[in-house]
file upload30.cif (mmCIF, C-alpha atoms; chains and numbers go by the auth columns)
data_protein
loop_
_atom_site.group_PDB
_atom_site.id
_atom_site.type_symbol
_atom_site.label_atom_id
_atom_site.label_comp_id
_atom_site.label_asym_id
_atom_site.label_seq_id
_atom_site.Cartn_x
_atom_site.Cartn_y
_atom_site.Cartn_z
_atom_site.B_iso_or_equiv
_atom_site.auth_seq_id
_atom_site.auth_asym_id
ATOM 1 C CA MET A 1 59.999 38.619 76.705 0.00 1114 A
ATOM 2 C CA ASP A 2 59.280 36.990 80.020 0.00 1115 A
ATOM 3 C CA TYR A 3 61.274 33.824 79.389 0.00 1116 A
ATOM 4 C CA SER A 4 64.545 35.692 78.956 0.00 1117 A
ATOM 5 C CA GLN A 5 64.402 36.717 82.613 0.00 1118 A
ATOM 6 C CA ALA A 6 64.247 33.081 83.725 0.00 1119 A
ATOM 7 C CA PHE A 7 67.219 32.452 81.432 0.00 1120 A
ATOM 8 C CA ALA A 8 69.162 35.351 82.909 0.00 1121 A
ATOM 9 C CA ILE A 9 68.491 34.212 86.478 0.00 1122 A
ATOM 10 C CA SER A 10 69.747 30.698 85.729 0.00 1123 A
ATOM 11 C CA VAL A 11 72.807 32.063 83.964 0.00 1124 A
ATOM 12 C CA SER A 12 73.655 34.277 86.948 0.00 1125 A
ATOM 13 C CA GLY A 13 73.578 31.126 89.096 0.00 1126 A
ATOM 14 C CA MET A 14 75.871 29.377 86.628 0.00 1127 A
ATOM 15 C CA ALA A 15 78.300 32.303 86.730 0.00 1128 A
ATOM 16 C CA VAL A 16 78.471 32.170 90.533 0.00 1129 A
ATOM 17 C CA GLU A 17 79.031 28.399 90.554 0.00 1130 A
ATOM 18 C CA THR A 18 81.744 28.762 87.927 0.00 1131 A
ATOM 19 C CA LEU A 19 83.495 31.260 90.172 0.00 1132 A
ATOM 20 C CA ARG A 20 83.100 28.859 93.103 0.00 1133 A
ATOM 21 C CA VAL A 21 84.768 26.081 91.133 0.00 1134 A
ATOM 22 C CA GLU A 22 87.578 28.438 90.152 0.00 1135 A
ATOM 23 C CA THR A 23 88.080 29.420 93.784 0.00 1136 A
ATOM 24 C CA VAL A 24 88.217 25.773 94.871 0.00 1137 A
ATOM 25 C CA ALA A 25 90.703 25.097 92.077 0.00 1138 A
ATOM 26 C CA MET A 26 92.785 28.023 93.333 0.00 1139 A
ATOM 27 C CA ASN A 27 92.740 26.586 96.859 0.00 1140 A
ATOM 28 C CA LEU A 28 93.649 23.098 95.683 0.00 1141 A
ATOM 29 C CA ALA A 29 96.449 24.449 93.515 0.00 1142 A
ATOM 30 C CA ASN A 30 97.928 26.213 96.531 0.00 1143 A
ATOM 31 C CA VAL A 31 97.819 23.311 98.989 0.00 1144 A
ATOM 32 C CA TYR A 32 101.631 23.163 99.117 0.00 1145 A
ATOM 33 C CA SER A 33 102.361 26.862 98.658 0.00 1146 A
ATOM 34 C CA ALA A 34 104.798 27.601 101.418 0.00 1147 A
ATOM 35 C CA ARG A 35 104.925 31.277 100.538 0.00 1148 A
ATOM 36 C CA GLY A 36 102.238 33.698 99.473 0.00 1149 A
ATOM 37 C CA ALA A 37 102.465 36.473 96.925 0.00 1150 A
ATOM 38 C CA GLY A 38 103.221 39.245 99.426 0.00 1151 A
ATOM 39 C CA GLY A 39 105.633 37.196 101.535 0.00 1152 A
ATOM 40 C CA GLY A 40 102.830 36.024 103.813 0.00 1153 A
ATOM 41 C CA LEU A 41 101.073 32.704 103.497 0.00 1154 A
ATOM 42 C CA TYR A 42 98.305 31.980 100.997 0.00 1155 A
ATOM 43 C CA GLN A 43 94.902 32.116 102.658 0.00 1156 A
ATOM 44 C CA PRO A 44 92.173 29.742 101.483 0.00 1157 A
ATOM 45 C CA GLN A 45 89.446 31.674 99.685 0.00 1158 A
ATOM 46 C CA ARG A 46 85.678 31.345 99.769 0.00 1159 A
ATOM 47 C CA VAL A 47 83.058 32.889 97.496 0.00 1160 A
ATOM 48 C CA LEU A 48 80.336 34.797 99.334 0.00 1161 A
ATOM 49 C CA SER A 49 77.239 35.054 97.171 0.00 1162 A
ATOM 50 C CA GLY A 50 73.687 36.154 97.733 0.00 1163 A
ATOM 51 C CA PRO A 51 70.569 37.348 95.986 0.00 1164 A
ATOM 52 C CA ALA A 52 71.220 40.124 93.523 0.00 1165 A
ATOM 53 C CA VAL A 53 69.706 43.338 94.796 0.00 1166 A
ATOM 54 C CA ARG A 54 67.742 45.375 92.333 0.00 1167 A
ATOM 55 C CA PHE A 55 66.218 48.552 93.594 0.00 1168 A
ATOM 56 C CA GLY A 56 63.153 48.666 91.428 0.00 1169 A
ATOM 57 C CA ASP A 57 59.988 50.629 91.676 0.00 1170 A
ATOM 58 C CA VAL A 58 57.973 49.592 94.707 0.00 1171 A
ATOM 59 C CA MET A 59 54.930 49.360 92.474 0.00 1172 A
ATOM 60 C CA ASP A 60 56.663 46.864 90.204 0.00 1173 A
ATOM 61 C CA ALA A 61 55.123 43.473 89.825 0.00 1174 A
ATOM 62 C CA PHE A 62 56.653 41.040 92.292 0.00 1175 A
ATOM 63 C CA ARG A 63 58.455 39.041 89.635 0.00 1176 A
ATOM 64 C CA ASN A 64 60.313 42.118 88.486 0.00 1177 A
ATOM 65 C CA THR A 65 62.254 42.031 91.741 0.00 1178 A
ATOM 66 C CA LEU A 66 63.710 38.621 90.846 0.00 1179 A
ATOM 67 C CA ALA A 67 67.227 39.295 89.718 0.00 1180 A
ATOM 68 C CA GLY A 68 69.159 36.082 90.279 0.00 1181 A
ATOM 69 C CA VAL A 69 72.303 35.777 92.356 0.00 1182 A
ATOM 70 C CA GLU A 70 75.530 37.711 92.516 0.00 1183 A
ATOM 71 C CA VAL A 71 78.939 37.437 94.136 0.00 1184 A
ATOM 72 C CA TYR A 72 79.363 39.753 97.098 0.00 1185 A
ATOM 73 C CA GLU A 73 83.052 39.096 97.644 0.00 1186 A
ATOM 74 C CA ILE A 74 85.793 36.512 97.614 0.00 1187 A
ATOM 75 C CA ALA A 75 86.927 36.408 101.220 0.00 1188 A
ATOM 76 C CA SER A 76 89.872 34.766 102.919 0.00 1189 A
ATOM 77 C CA MET A 77 89.065 31.943 105.289 0.00 1190 A
ATOM 78 C CA ASN A 78 90.201 32.190 108.864 0.00 1191 A
ATOM 79 C CA ALA A 79 92.075 28.888 108.906 0.00 1192 A
ATOM 80 C CA ASN A 80 95.046 27.853 111.002 0.00 1193 A
ATOM 81 C CA ASP A 81 98.214 27.175 109.066 0.00 1194 A
ATOM 82 C CA ARG A 82 99.426 23.602 108.785 0.00 1195 A
ATOM 83 C CA MET A 83 102.807 23.282 110.430 0.00 1196 A
ATOM 84 C CA VAL A 84 104.969 20.527 108.954 0.00 1197 A
ATOM 85 C CA TYR A 85 108.365 19.567 110.300 0.00 1198 A
ATOM 86 C CA GLU A 86 110.800 19.885 107.381 0.00 1199 A
ATOM 87 C CA PRO A 87 114.106 21.153 108.734 0.00 1200 A
ATOM 88 C CA GLY A 88 115.851 21.254 105.360 0.00 1201 A
ATOM 89 C CA HIS A 89 113.095 23.250 103.639 0.00 1202 A
ATOM 90 C CA PRO A 90 114.154 26.749 102.497 0.00 1203 A
ATOM 91 C CA ALA A 91 111.010 28.211 104.097 0.00 1204 A
ATOM 92 C CA ALA A 92 111.488 26.437 107.420 0.00 1205 A
ATOM 93 C CA ASP A 93 111.517 28.561 110.560 0.00 1206 A
ATOM 94 C CA SER A 94 114.180 28.339 113.296 0.00 1207 A
ATOM 95 C CA ALA A 95 112.448 25.325 114.860 0.00 1208 A
ATOM 96 C CA GLY A 96 112.401 23.509 111.484 0.00 1209 A
ATOM 97 C CA PHE A 97 108.704 23.862 110.803 0.00 1210 A
ATOM 98 C CA VAL A 98 107.265 24.936 107.466 0.00 1211 A
ATOM 99 C CA ALA A 99 103.846 26.664 107.425 0.00 1212 A
ATOM 100 C CA TYR A 100 101.437 25.547 104.725 0.00 1213 A
ATOM 101 C CA PRO A 101 97.993 27.068 104.100 0.00 1214 A
ATOM 102 C CA GLY A 102 95.217 25.525 106.161 0.00 1215 A
ATOM 103 C CA ILE A 103 93.465 23.965 103.179 0.00 1216 A
ATOM 104 C CA GLU A 104 91.561 20.726 103.644 0.00 1217 A
ATOM 105 C CA PRO A 105 91.631 18.872 100.312 0.00 1218 A
ATOM 106 C CA VAL A 106 88.634 16.730 101.305 0.00 1219 A
ATOM 107 C CA GLY A 107 86.530 19.757 102.208 0.00 1220 A
ATOM 108 C CA GLU A 108 87.562 21.444 98.971 0.00 1221 A
ATOM 109 C CA MET A 109 86.493 18.364 96.987 0.00 1222 A
ATOM 110 C CA ILE A 110 83.086 18.483 98.662 0.00 1223 A
ATOM 111 C CA GLY A 111 82.809 22.148 97.729 0.00 1224 A
ATOM 112 C CA LEU A 112 83.697 21.166 94.174 0.00 1225 A
ATOM 113 C CA ILE A 113 80.939 18.547 94.044 0.00 1226 A
ATOM 114 C CA GLU A 114 78.417 20.960 95.533 0.00 1227 A
ATOM 115 C CA ALA A 115 79.254 23.633 92.995 0.00 1228 A
ATOM 116 C CA LEU A 116 78.964 21.085 90.198 0.00 1229 A
ATOM 117 C CA ARG A 117 75.534 19.932 91.371 0.00 1230 A
ATOM 118 C CA ALA A 118 74.350 23.513 91.803 0.00 1231 A
ATOM 119 C CA TYR A 119 75.491 24.263 88.252 0.00 1232 A
ATOM 120 C CA ASP A 120 73.561 21.198 87.067 0.00 1233 A
ATOM 121 C CA ALA A 121 70.470 22.454 88.883 0.00 1234 A
ATOM 122 C CA ASN A 122 70.786 25.826 87.171 0.00 1235 A
ATOM 123 C CA VAL A 123 71.031 24.130 83.800 0.00 1236 A
ATOM 124 C CA MET A 124 67.909 22.122 84.643 0.00 1237 A
ATOM 125 C CA ALA A 125 66.026 25.305 85.567 0.00 1238 A
ATOM 126 C CA PHE A 126 67.190 26.909 82.315 0.00 1239 A
ATOM 127 C CA ASN A 127 65.985 23.937 80.296 0.00 1240 A
ATOM 128 C CA ALA A 128 62.669 23.893 82.131 0.00 1241 A
ATOM 129 C CA ALA A 129 62.097 27.557 81.288 0.00 1242 A
ATOM 130 C CA LYS A 130 63.018 26.850 77.664 0.00 1243 A
ATOM 131 C CA THR A 131 60.671 23.878 77.487 0.00 1244 A
ATOM 132 C CA MET A 132 57.844 25.982 78.904 0.00 1245 A
ATOM 133 C CA ALA A 133 58.425 28.699 76.311 0.00 1246 A
ATOM 134 C CA LEU A 134 58.516 26.162 73.477 0.00 1247 A
ATOM 135 C CA ARG A 135 55.320 24.526 74.772 0.00 1248 A
ATOM 136 C CA ALA A 136 53.656 27.932 74.848 0.00 1249 A
ATOM 137 C CA LEU A 137 54.568 28.371 71.192 0.00 1250 A
ATOM 138 C CA GLU A 138 52.771 25.108 70.457 0.00 1251 A
ATOM 139 C CA ILE A 139 49.423 26.537 71.608 0.00 1252 A
ATOM 140 C CA GLY A 140 46.967 26.345 68.770 0.00 1253 A
ATOM 141 C CA GLY A 141 49.378 24.622 66.422 0.00 1254 A
ATOM 142 C CA GLY A 142 49.412 21.091 65.070 0.00 1255 A
ATOM 143 C CA ARG A 143 45.793 20.817 63.969 0.00 1256 A
ATOM 144 C CA MET B 1 17.825 42.154 23.916 0.00 145 B
ATOM 145 C CA THR B 2 18.944 45.702 23.901 0.00 146 B
ATOM 146 C CA MET B 3 21.777 47.227 25.698 0.00 147 B
ATOM 147 C CA ALA B 4 19.337 49.437 27.520 0.00 148 B
ATOM 148 C CA SER B 5 18.626 46.776 30.056 0.00 149 B
ATOM 149 C CA ILE B 6 22.279 46.600 30.882 0.00 150 B
ATOM 150 C CA GLU B 7 22.798 50.305 30.708 0.00 151 B
ATOM 151 C CA ALA B 8 20.122 50.687 33.277 0.00 152 B
ATOM 152 C CA ILE B 9 22.386 49.458 35.974 0.00 153 B
ATOM 153 C CA SER B 10 25.194 51.748 34.935 0.00 154 B
ATOM 154 C CA GLY B 11 23.248 54.517 36.557 0.00 155 B
ATOM 155 C CA LEU B 12 23.746 52.878 39.890 0.00 156 B
ATOM 156 C CA SER B 13 26.655 54.412 41.602 0.00 157 B
ATOM 157 C CA VAL B 14 28.262 51.706 43.535 0.00 158 B
ATOM 158 C CA ALA B 15 30.199 53.119 46.419 0.00 159 B
ATOM 159 C CA VAL B 16 33.389 51.174 46.122 0.00 160 B
ATOM 160 C CA PRO B 17 35.562 51.956 49.090 0.00 161 B
ATOM 161 C CA SER B 18 38.720 53.487 47.734 0.00 162 B
ATOM 162 C CA ARG B 19 41.759 51.435 48.594 0.00 163 B
ATOM 163 C CA PRO B 20 44.067 53.404 50.834 0.00 164 B
ATOM 164 C CA ASP B 21 47.381 54.236 49.277 0.00 165 B
ATOM 165 C CA ALA B 22 50.001 51.789 50.359 0.00 166 B
ATOM 166 C CA GLU B 23 52.414 54.611 51.099 0.00 167 B
ATOM 167 C CA ASN B 24 49.972 56.653 53.100 0.00 168 B
ATOM 168 C CA ALA B 25 48.690 53.715 55.093 0.00 169 B
ATOM 169 C CA THR B 26 49.768 53.917 58.695 0.00 170 B
ATOM 170 C CA PRO B 27 50.908 50.516 59.901 0.00 171 B
ATOM 171 C CA GLY B 28 48.654 48.916 62.453 0.00 172 B
ATOM 172 C CA PRO B 29 49.883 47.909 65.882 0.00 173 B
ATOM 173 C CA PHE B 30 50.438 44.341 64.735 0.00 174 B
ATOM 174 C CA VAL B 31 52.713 45.413 61.897 0.00 175 B
ATOM 175 C CA LYS B 32 54.648 47.597 64.304 0.00 176 B
ATOM 176 C CA TRP B 33 54.944 44.689 66.727 0.00 177 B
ATOM 177 C CA LEU B 34 56.086 42.391 63.924 0.00 178 B
ATOM 178 C CA GLU B 35 58.710 44.865 62.765 0.00 179 B
ATOM 179 C CA ALA B 36 59.999 45.288 66.310 0.00 180 B
ATOM 180 C CA GLU B 37 60.100 41.536 66.782 0.00 181 B
ATOM 181 C CA VAL B 38 61.935 40.978 63.505 0.00 182 B
ATOM 182 C CA SER B 39 64.572 43.532 64.425 0.00 183 B
ATOM 183 C CA ARG B 40 64.864 42.010 67.903 0.00 184 B
ATOM 184 C CA THR B 41 65.375 38.554 66.411 0.00 185 B
ATOM 185 C CA SER B 42 67.945 39.918 64.008 0.00 186 B
ATOM 186 C CA ALA B 43 69.792 41.575 66.882 0.00 187 B
ATOM 187 C CA ALA B 44 69.679 38.358 68.924 0.00 188 B
ATOM 188 C CA VAL B 45 71.038 36.313 66.030 0.00 189 B
ATOM 189 C CA SER B 46 73.885 38.719 65.377 0.00 190 B
ATOM 190 C CA GLU B 47 74.659 38.824 69.108 0.00 191 B
ATOM 191 C CA ALA B 48 74.844 35.015 69.166 0.00 192 B
ATOM 192 C CA ASP B 49 77.066 35.175 66.101 0.00 193 B
ATOM 193 C CA LEU B 50 79.382 37.653 67.805 0.00 194 B
ATOM 194 C CA GLN B 51 79.587 35.561 70.981 0.00 195 B
ATOM 195 C CA LEU B 52 80.339 32.426 68.966 0.00 196 B
ATOM 196 C CA SER B 53 83.132 34.057 67.019 0.00 197 B
ATOM 197 C CA ARG B 54 84.553 35.441 70.281 0.00 198 B
ATOM 198 C CA LEU B 55 84.487 31.955 71.764 0.00 199 B
ATOM 199 C CA ALA B 56 86.082 30.466 68.660 0.00 200 B
ATOM 200 C CA SER B 57 88.835 33.071 68.595 0.00 201 B
ATOM 201 C CA GLY B 58 89.688 32.463 72.237 0.00 202 B
ATOM 202 C CA GLN B 59 88.497 35.758 73.721 0.00 203 B
ATOM 203 C CA ALA B 60 86.342 33.554 75.860 0.00 204 B
ATOM 204 C CA THR B 61 83.470 35.110 77.591 0.00 205 B
ATOM 205 C CA SER B 62 81.876 32.494 79.799 0.00 206 B
ATOM 206 C CA LEU B 63 80.462 29.460 78.063 0.00 207 B
ATOM 207 C CA HIS B 64 77.037 29.760 79.670 0.00 208 B
ATOM 208 C CA GLN B 65 76.796 33.347 78.422 0.00 209 B
ATOM 209 C CA VAL B 66 77.352 32.077 74.878 0.00 210 B
ATOM 210 C CA MET B 67 74.691 29.426 75.359 0.00 211 B
ATOM 211 C CA LEU B 68 72.318 32.048 76.757 0.00 212 B
ATOM 212 C CA SER B 69 72.635 34.223 73.689 0.00 213 B
ATOM 213 C CA LEU B 70 72.265 31.173 71.428 0.00 214 B
ATOM 214 C CA GLU B 71 69.078 30.106 73.192 0.00 215 B
ATOM 215 C CA ASP B 72 67.773 33.662 73.171 0.00 216 B
ATOM 216 C CA ALA B 73 68.274 33.862 69.418 0.00 217 B
ATOM 217 C CA ARG B 74 66.649 30.481 68.970 0.00 218 B
ATOM 218 C CA MET B 75 63.605 31.338 71.066 0.00 219 B
ATOM 219 C CA SER B 76 62.868 34.585 69.259 0.00 220 B
ATOM 220 C CA MET B 77 63.414 32.843 65.931 0.00 221 B
ATOM 221 C CA GLN B 78 60.906 30.167 66.983 0.00 222 B
ATOM 222 C CA LEU B 79 58.408 32.832 67.986 0.00 223 B
ATOM 223 C CA LEU B 80 58.726 34.507 64.592 0.00 224 B
ATOM 224 C CA VAL B 81 58.366 31.208 62.760 0.00 225 B
ATOM 225 C CA GLN B 82 55.224 30.348 64.711 0.00 226 B
ATOM 226 C CA VAL B 83 53.712 33.774 64.001 0.00 227 B
ATOM 227 C CA ARG B 84 54.480 33.274 60.317 0.00 228 B
ATOM 228 C CA ASN B 85 52.839 29.847 60.409 0.00 229 B
ATOM 229 C CA ARG B 86 49.659 31.264 61.921 0.00 230 B
ATOM 230 C CA LEU B 87 49.596 34.109 59.382 0.00 231 B
ATOM 231 C CA LEU B 88 50.033 31.719 56.480 0.00 232 B
ATOM 232 C CA ASP B 89 47.320 29.462 57.865 0.00 233 B
ATOM 233 C CA ALA B 90 44.926 32.402 57.986 0.00 234 B
ATOM 234 C CA TYR B 91 45.897 33.405 54.458 0.00 235 B
ATOM 235 C CA GLN B 92 45.303 29.897 53.111 0.00 236 B
ATOM 236 C CA GLU B 93 41.960 29.850 54.865 0.00 237 B
ATOM 237 C CA VAL B 94 40.945 33.055 53.104 0.00 238 B
ATOM 238 C CA ILE B 95 42.229 31.825 49.722 0.00 239 B
ATOM 239 C CA ARG B 96 40.205 28.616 49.947 0.00 240 B
ATOM 240 C CA MET B 97 37.004 30.506 50.755 0.00 241 B
ATOM 241 C CA GLN B 98 34.158 29.816 48.308 0.00 242 B
ATOM 242 C CA VAL B 99 32.741 32.904 46.614 0.00 243 B
#
call {"tool": "encode", "arguments": {"input": "upload30.cif", "output": "structure tokens"}}
result
Amino acid sequence: MDYSQAFAISVSGMAVETLRVETVAMNLANVYSARGAGGGLYQPQRVLSGPAVRFGDVMDAFRNTLAGVEVYEIASMNANDRMVYEPGHPAADSAGFVAYPGIEPVGEMIGLIEALRAYDANVMAFNAAKTMALRALEIGGGR
Amino acid sequence: MTMASIEAISGLSVAVPSRPDAENATPGPFVKWLEAEVSRTSAAVSEADLQLSRLASGQATSLHQVMLSLEDARMSMQLLVQVRNRLLDAYQEVIRMQV
């Protein structure tokens, strides 16, 4: 049915925004991680998403090339570490500075809000498609 | 009044179209479509059921995926119900026809 494609597109958007929120949560959880998993420092992550590519038949109807959105990769941000002077800290260097990941909590919160609104928009699009399908079922009824 | 006047019409051979055997009848395209749609709806409902029980038992797939399968099941159920309504309407119309 044609409405299930609109549903699937909206749901792919919701999946990407969910991943974005999880990534922001990961960043926020690691604001004070002085050490990373491999001994290095945790790097703030960003979700890179884009239109899902579907290599269909060239003769396909145009709408058949609509395939929603997909995550390309989760990439590390190129952020400078925050250096904090804490001489007694176990992870402090010889000068007494501790390196923390270059995460900006305010920027992360904005990313959180954006992802939330984008998720809302996807839900709205889903509901609109559902309303259209239900209206179509009302054609000819209710005499 | 003799029976002859009635018997006279017995000579008429009325060509009653023989009713095709129900078993031999090939289903029309609509019946095929309806069968396909019923099986699709059944599959959608059982898929939604599966997703719900997965969610309830904690093997959480994503929540929006569960909602998608629920809505999918609901939409195809609605379509079937509307088709049934139209069919029943047509049937009632035929039943009420004056002969």
call {"tool": "closest_residue", "arguments": {"input": "upload30.cif", "among": "B:Ala217, B:Phe174, B:Val210, B:Leu224", "to": "B:Ala188", "atoms": "only C-alpha atoms"}}
result
B:Ala217
call {"tool": "interface_residues", "arguments": {"input": "upload30.cif", "of": "chain B", "to": "chain A", "cutoff": "8 Å", "atoms": "only C-alpha atoms", "output": "list of chain:residue names"}}
result
B:Ser206, B:His208, B:Gln209, B:Leu212, B:Asp216, B:Met219, B:Gln222, B:Leu223, B:Gln226
call {"tool": "resolve_selection", "arguments": {"input": "upload30.cif", "expression": "the PyMOL selection byres ((chain A and resi 1145) around 10)", "output": "list in words"}}
result
Asn1140, Leu1141, Ala1142, Asn1143, Val1144, Ser1146, Ala1147, Arg1148, Tyr1155, Arg1195, Ala1212, Tyr1213, Pro1214, Gly1215 and Ile1216 of chain A
call {"tool": "write_last_selection", "arguments": {"input": "upload30.cif", "atoms": "C-alpha atoms", "output": "tab-separated table (two decimals), in the frame of the given file"}}
result
chain	number	residue	atom	x	y	z
A	1140	ASN	CA	92.74	26.59	96.86
A	1141	LEU	CA	93.65	23.10	95.68
A	1142	ALA	CA	96.45	24.45	93.52
A	1143	ASN	CA	97.93	26.21	96.53
A	1144	VAL	CA	97.82	23.31	98.99
A	1146	SER	CA	102.36	26.86	98.66
A	1147	ALA	CA	104.80	27.60	101.42
A	1148	ARG	CA	104.92	31.28	100.54
A	1155	TYR	CA	98.30	31.98	101.00
A	1195	ARG	CA	99.43	23.60	108.78
A	1212	ALA	CA	103.85	26.66	107.42
A	1213	TYR	CA	101.44	25.55	104.72
A	1214	PRO	CA	97.99	27.07	104.10
A	1215	GLY	CA	95.22	25.52	106.16
A	1216	ILE	CA	93.46	23.96	103.18
call {"tool": "atom_distance", "arguments": {"input": "upload30.cif", "atom1": "atom CA of B:Arg198", "atom2": "atom CA of A:Ala1238"}}
result
26.1 Å
call {"tool": "atom_distance", "arguments": {"input": "upload30.cif", "atom1": "atom CA of A:Val1182", "atom2": "atom CA of A:Gly1163"}}
result
5.6 Å
call {"tool": "atom_distance", "arguments": {"input": "upload30.cif", "atom1": "atom CA of A:Gly1153", "atom2": "atom CA of A:Leu1225"}}
result
26.1 Å
call {"tool": "closest_residue", "arguments": {"input": "upload30.cif", "among": "A:Ala1119, A:Ser1162, A:Ser1189, A:Pro1157", "to": "A:Val1137", "atoms": "all atoms listed in the file"}}
result
A:Pro1157
call {"tool": "residues_around", "arguments": {"input": "upload30.cif", "residues": "A:Gly1181", "least_positions_apart": "4", "cutoff": "7 Å", "atoms": "all atoms listed in the file", "output": "list in words"}}
result
Ile1122, Ser1125, Gly1126, Pro1164 and Ala1165 of chain A
call {"tool": "write_last_selection", "arguments": {"input": "upload30.cif", "atoms": "C-alpha atoms", "output": "PDB file, in the coordinates of the input"}}
result
ATOM      1  CA  ILE A1122      68.491  34.212  86.478  1.00  0.00           C
ATOM      2  CA  SER A1125      73.655  34.277  86.948  1.00  0.00           C
ATOM      3  CA  GLY A1126      73.578  31.126  89.096  1.00  0.00           C
ATOM      4  CA  PRO A1164      70.569  37.348  95.986  1.00  0.00           C
ATOM      5  CA  ALA A1165      71.220  40.124  93.523  1.00  0.00           C
TER       6      ALA A1165
END
call {"tool": "closest_residue", "arguments": {"input": "upload30.cif", "among": "B:Leu231, B:Ile239, B:Leu178, B:Leu214", "to": "B:Asp193", "atoms": "all atoms listed in the file"}}
result
B:Leu214
call {"tool": "axis_aligned_box", "arguments": {"input": "upload30.cif", "around": "stretch 1153-1165 of chain A", "padding_each_side": "5 Å", "output": "AutoDock Vina command-line options"}}
result
--center_x 86.7 --center_y 34.9 --center_z 98.7 --size_x 42.3 --size_y 20.4 --size_z 20.3
call {"tool": "closest_residue", "arguments": {"input": "upload30.cif", "among": "B:Val227, B:Ala204, B:Met211, B:Val189", "to": "B:Trp177", "atoms": "only C-alpha atoms"}}
result
B:Val227
